[in-house]
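Text of data-v4.cif (mmCIF, C-alpha atoms) as supplied:
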data_final
#
loop_
_atom_site.label_atom_id
_atom_site.label_comp_id
_atom_site.auth_asym_id
_atom_site.auth_seq_id
_atom_site.Cartn_x
_atom_site.Cartn_y
_atom_site.Cartn_z
CA MET A 1 -24.13 -47.04 77.87
CA ARG A 2 -22.59 -44.47 80.16
CA ARG A 3 -24.79 -41.55 79.07
CA THR A 4 -28.20 -43.12 79.54
CA ASP A 5 -29.73 -39.65 79.11
CA ARG A 6 -28.71 -39.91 75.43
CA GLU A 7 -29.68 -43.54 74.92
CA ILE A 8 -32.51 -44.38 72.54
CA THR A 9 -34.37 -47.57 73.35
CA ASP A 10 -37.50 -47.10 71.25
CA ILE A 11 -37.05 -49.39 68.24
CA LYS A 12 -39.17 -47.16 66.00
CA GLU A 13 -37.03 -44.14 66.82
CA ILE A 14 -33.87 -46.13 66.08
CA TYR A 15 -35.41 -47.10 62.74
CA LYS A 16 -36.23 -43.44 61.94
CA ILE A 17 -32.60 -42.50 62.60
CA MET A 18 -31.36 -45.31 60.35
CA LYS A 19 -33.67 -44.12 57.57
CA LYS A 20 -32.06 -40.65 57.74
CA CYS A 21 -28.48 -41.95 57.51
CA GLU A 22 -26.69 -42.19 54.19
CA VAL A 23 -23.74 -44.43 55.03
CA CYS A 24 -23.28 -47.42 57.30
CA ASP A 25 -19.78 -48.41 58.42
CA ILE A 26 -19.36 -52.19 58.56
CA ALA A 27 -16.60 -53.75 60.69
CA PHE A 28 -15.32 -57.19 59.70
CA PHE A 29 -12.93 -59.40 61.69
CA ASP A 30 -9.43 -59.25 60.17
CA LYS A 31 -6.66 -60.87 62.19
CA ASP A 32 -5.43 -58.39 64.80
CA PHE A 33 -7.48 -55.36 63.75
CA PRO A 34 -11.01 -54.79 62.46
CA TYR A 35 -11.50 -53.95 58.79
CA ILE A 36 -14.06 -51.14 58.55
CA ILE A 37 -15.64 -50.04 55.32
CA PRO A 38 -18.31 -47.39 54.70
CA LEU A 39 -21.14 -48.64 52.49
CA ASN A 40 -24.42 -47.46 51.08
CA PHE A 41 -27.23 -49.40 52.70
CA GLY A 42 -30.94 -49.91 53.11
CA VAL A 43 -32.73 -50.94 56.29
CA THR A 44 -35.97 -52.71 57.10
CA LEU A 45 -37.80 -53.28 60.36
CA LYS A 46 -40.17 -56.24 60.43
CA ASN A 47 -41.74 -57.62 63.58
CA GLY A 48 -39.15 -55.80 65.70
CA LEU A 49 -36.20 -57.22 63.73
CA PHE A 50 -33.79 -55.08 61.73
CA GLU A 51 -32.21 -56.13 58.45
CA ILE A 52 -29.53 -54.07 56.71
CA TYR A 53 -28.98 -54.54 52.97
CA LEU A 54 -25.66 -53.75 51.28
CA HIS A 55 -24.19 -54.29 47.83
CA GLY A 56 -20.81 -54.47 46.16
CA SER A 57 -18.46 -56.59 44.16
CA GLY A 58 -18.40 -60.34 44.66
CA LYS A 59 -14.63 -60.19 45.02
CA GLY A 60 -12.32 -58.36 47.35
CA LYS A 61 -11.34 -58.04 50.97
CA LYS A 62 -14.83 -57.70 52.51
CA ILE A 63 -16.04 -60.86 50.73
CA ASP A 64 -12.89 -62.74 51.76
CA LEU A 65 -13.40 -61.67 55.38
CA LEU A 66 -17.14 -62.43 55.29
CA ASN A 67 -16.36 -65.96 54.11
CA LYS A 68 -13.99 -66.44 57.08
CA ASN A 69 -16.26 -64.91 59.74
CA ASN A 70 -19.74 -63.55 59.06
CA HIS A 71 -20.10 -61.73 62.40
CA VAL A 72 -19.94 -57.95 61.86
CA GLY A 73 -20.39 -54.69 63.71
CA PHE A 74 -21.96 -51.61 62.19
CA ALA A 75 -22.44 -47.91 62.86
CA ALA A 76 -24.51 -45.24 61.14
CA ARG A 77 -24.75 -41.60 62.12
CA CYS A 78 -26.50 -38.44 60.99
CA LEU A 79 -27.55 -34.98 62.14
CA GLU A 80 -23.99 -34.00 62.93
CA ASN A 81 -23.79 -30.36 63.93
CA LEU A 82 -21.08 -28.58 65.89
CA ILE A 83 -22.33 -26.35 68.71
CA LEU A 84 -19.40 -24.01 69.27
CA ASN A 85 -18.91 -22.23 72.57
CA ASP A 86 -17.21 -18.95 71.66
CA LYS A 87 -15.61 -18.52 75.08
CA THR A 88 -14.37 -22.01 75.95
CA ALA A 89 -13.61 -24.66 73.34
CA CYS A 90 -13.99 -27.43 75.93
CA LYS A 91 -17.64 -26.45 76.36
CA SER A 92 -18.35 -26.92 72.67
CA THR A 93 -20.37 -29.97 71.79
CA MET A 94 -21.82 -31.89 68.88
CA GLU A 95 -25.42 -32.68 68.06
CA TYR A 96 -25.80 -36.14 66.56
CA GLU A 97 -27.93 -39.21 66.14
CA SER A 98 -26.24 -42.57 65.83
CA VAL A 99 -27.03 -46.24 65.72
CA CYS A 100 -24.56 -49.05 66.39
CA GLY A 101 -24.92 -52.79 66.62
CA ASN A 102 -23.85 -56.18 65.40
CA GLY A 103 -25.20 -59.14 63.54
CA ILE A 104 -24.65 -61.86 61.00
CA ILE A 105 -23.97 -60.89 57.39
CA LYS A 106 -25.00 -63.19 54.53
CA ILE A 107 -24.73 -63.08 50.77
CA LEU A 108 -28.18 -63.19 49.24
CA PRO A 109 -29.08 -65.82 46.64
CA GLU A 110 -29.88 -64.67 43.09
CA ASN A 111 -33.64 -64.73 43.65
CA GLU A 112 -33.42 -62.24 46.57
CA LYS A 113 -31.00 -59.70 45.04
CA ALA A 114 -33.67 -57.49 43.46
CA TYR A 115 -35.50 -57.21 46.79
CA GLY A 116 -32.29 -56.16 48.57
CA LEU A 117 -31.45 -53.60 45.90
CA THR A 118 -34.98 -52.21 46.09
CA ILE A 119 -34.53 -51.66 49.84
CA LEU A 120 -31.25 -49.86 49.07
CA MET A 121 -32.81 -47.63 46.41
CA ASN A 122 -35.73 -46.71 48.66
CA GLN A 123 -33.33 -45.74 51.46
CA TYR A 124 -32.08 -42.85 49.35
CA LEU A 125 -35.32 -41.96 47.61
CA ASN A 126 -37.30 -42.05 50.87
CA SER A 127 -39.97 -44.06 49.07
CA LYS A 128 -41.55 -47.47 48.80
CA ASN A 129 -41.14 -47.90 45.04
CA ASP A 130 -40.61 -51.08 43.10
CA PHE A 131 -37.74 -51.11 40.60
CA ASN A 132 -36.75 -53.15 37.59
CA PHE A 133 -33.17 -54.36 37.47
CA ASP A 134 -31.31 -55.61 34.44
CA ASP A 135 -30.59 -59.34 34.76
CA LYS A 136 -26.99 -58.80 33.64
CA ILE A 137 -26.47 -56.26 36.43
CA LEU A 138 -28.13 -58.55 39.00
CA LYS A 139 -25.73 -61.35 38.09
CA SER A 140 -22.71 -59.08 38.43
CA VAL A 141 -23.52 -57.52 41.82
CA THR A 142 -23.28 -59.11 45.25
CA VAL A 143 -26.10 -58.19 47.63
CA MET A 144 -25.65 -58.83 51.33
CA LYS A 145 -27.96 -58.73 54.32
CA ILE A 146 -27.09 -58.19 57.97
CA GLU A 147 -29.54 -59.90 60.29
CA VAL A 148 -29.16 -57.58 63.26
CA ALA A 149 -28.60 -59.27 66.62
CA GLN A 150 -28.11 -56.16 68.78
CA ILE A 151 -28.81 -52.50 68.04
CA TYR A 152 -28.26 -49.34 70.08
CA GLY A 153 -29.32 -45.76 69.50
CA LYS A 154 -27.83 -42.57 70.88
CA LYS A 155 -28.78 -38.94 70.43
CA SER A 156 -27.49 -35.57 71.57
CA SER A 157 -29.58 -32.58 70.67
CA LEU A 158 -29.97 -29.13 72.12
CA TYR A 159 -33.31 -28.61 70.38
#

In structure tokens, write the structure found in this file.
Amino acid sequence: MRRTDREITDIKEIYKIMKKCEVCDIAFFDKDFPYIIPLNFGVTLKNGLFEIYLHGSGKGKKIDLLNKNNHVGFAARCLENLILNDKTACKSTMEYESVCGNGIIKILPENEKAYGLTILMNQYLNSKNDFNFDDKILKSVTVMKIEVAQIYGKKSSLY
């Protein structure tokens, strides 16, 4: 990372940033160009290892690409705030927190779907609740997990 003064290496701080983010962009391999899709997500940190949970339809381009190559990249960002310099636009800047990385994405088996969806729900409720899910809904949704291989944090803040 070029701007090491903005680099975040503390795994707990990276996790806190991920917990604040609402969307995670996932990049799949697709021939000559990446296929990037923004998704709702949930994140866990266990024994220093990150897991990112996602959900969606069991059909479509992301599933087709996942089945061809399950290596993905991801990016999540939050706390975006423009700091405008009234005199010189080039001296304006942006406050932000971001996390990027890569890993292996897998489709969860039926017996793990409820756990993955619970992680997703708790991401947005900022809680540690348990949820009940309708069996019909569980059968119709695809839940995926990224086992994170590498993760990087970056932050720019004037405060």

Starting from the PyMOL selection byres ((chain A and resi 27-32) around 8), expand the selection into actual residues of this file and give them as number ranges by chain. A: 25-26, 33-37, 62, 65-66, 69-74

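CA of Ala114 (chain A) is positioned 12.3 Å from CA of Asn129 (chain A).
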
Compile the contact shell of region 130-133 of chain A as a ChimeraX atom specification: residues with an atom at most 9 Å away, counting all atoms listed in the file, same-chain residues fewer than 5 positions apart removed. /A:114-115,117-118,121-122,138

Evaluating the PyMOL selection byres ((chain A and resi 111) around 12) on the displayed file yields which residues, as a list in words? Ile107, Leu108, Pro109, Glu110, Glu112, Lys113, Ala114, Tyr115, Gly116, Leu117, Asp135, Leu138, Lys139, Thr142 and Val143 of chain A

Excluding Ser156 (chain A) and any residue of its chain fewer than 5 positions from it, enumerate the residues within 8 Å of it, using only C-alpha atoms, and give them as a list in words. Arg6, Met94, Glu95, Tyr96 and Glu97 of chain A

Result set, the PyMOL selection byres ((chain A and resi 106) around 6) on current file, as number ranges by chain: A: 105, 107, 144-145

By how many Å are CA of Ile14 (chain A) and CA of Val141 (chain A) apart? 28.7 Å

Can you build me a table of region 21-135 of chain A residues sitting at most 6 Å from region 149-153 of chain A, with the closest atom pair per residue and its distance in Å to one decimal, using all atoms listed in the file, sorted by chain and residue number, as a Markdown table?
| residue | atom | partner | partner_atom | distance |
| --- | --- | --- | --- | --- |
| A:Ser98 | CA | A:Gly153 | CA | 5.8 |
| A:Val99 | CA | A:Gly153 | CA | 4.4 |
| A:Cys100 | CA | A:Tyr152 | CA | 5.2 |
| A:Gly101 | CA | A:Ile151 | CA | 4.2 |
| A:Asn102 | CA | A:Gln150 | CA | 5.4 |
| A:Gly103 | CA | A:Ala149 | CA | 4.6 |

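Around Ile52 (chain A), within 7 Å and counting only C-alpha atoms, the residues found are Phe41, Gly42, Val43, Thr44, Lys145, Ile146 and Glu147 of chain A, once anything fewer than 6 positions away on its own chain is removed.
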
Tell me which of A:Ala75, A:Asn126, A:Gly56, A:Val23 sits closest to Asn40 (chain A), counting all atoms listed in the file. A:Val23

How big is the axis-aligned box, and where does its centre sit, when it encloses all atoms of region 31-49 of chain A listed in the file and has 6 Å added on every side, reported in Å to one decimal as lines of an AutoDock Vina configuration file?
center_x = -23.6
center_y = -54.1
center_z = 58.4
size_x = 48.3
size_y = 25.5
size_z = 26.6

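Distance-wise, CA of Ile104 (chain A) and CA of Lys19 (chain A) end up 20.2 Å apart.
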
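Among the candidates A:Glu7, A:Tyr53, A:Lys46, A:Ala76, the one nearest to Ile119 (chain A) when counting all atoms listed in the file is A:Tyr53.
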
With distances taken over all atoms listed in the file, which of A:Lys59, A:Lys20, A:Lys68, A:Lys12 is nearest to Asn47 (chain A)? A:Lys12

Using all atoms listed in the file: which of A:Cys90, A:Ile137, A:Ile8, A:Leu120 has the shortest distance to Cys21 (chain A):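 Smallest separation from Cys21 (chain A) among the options: A:Leu120.
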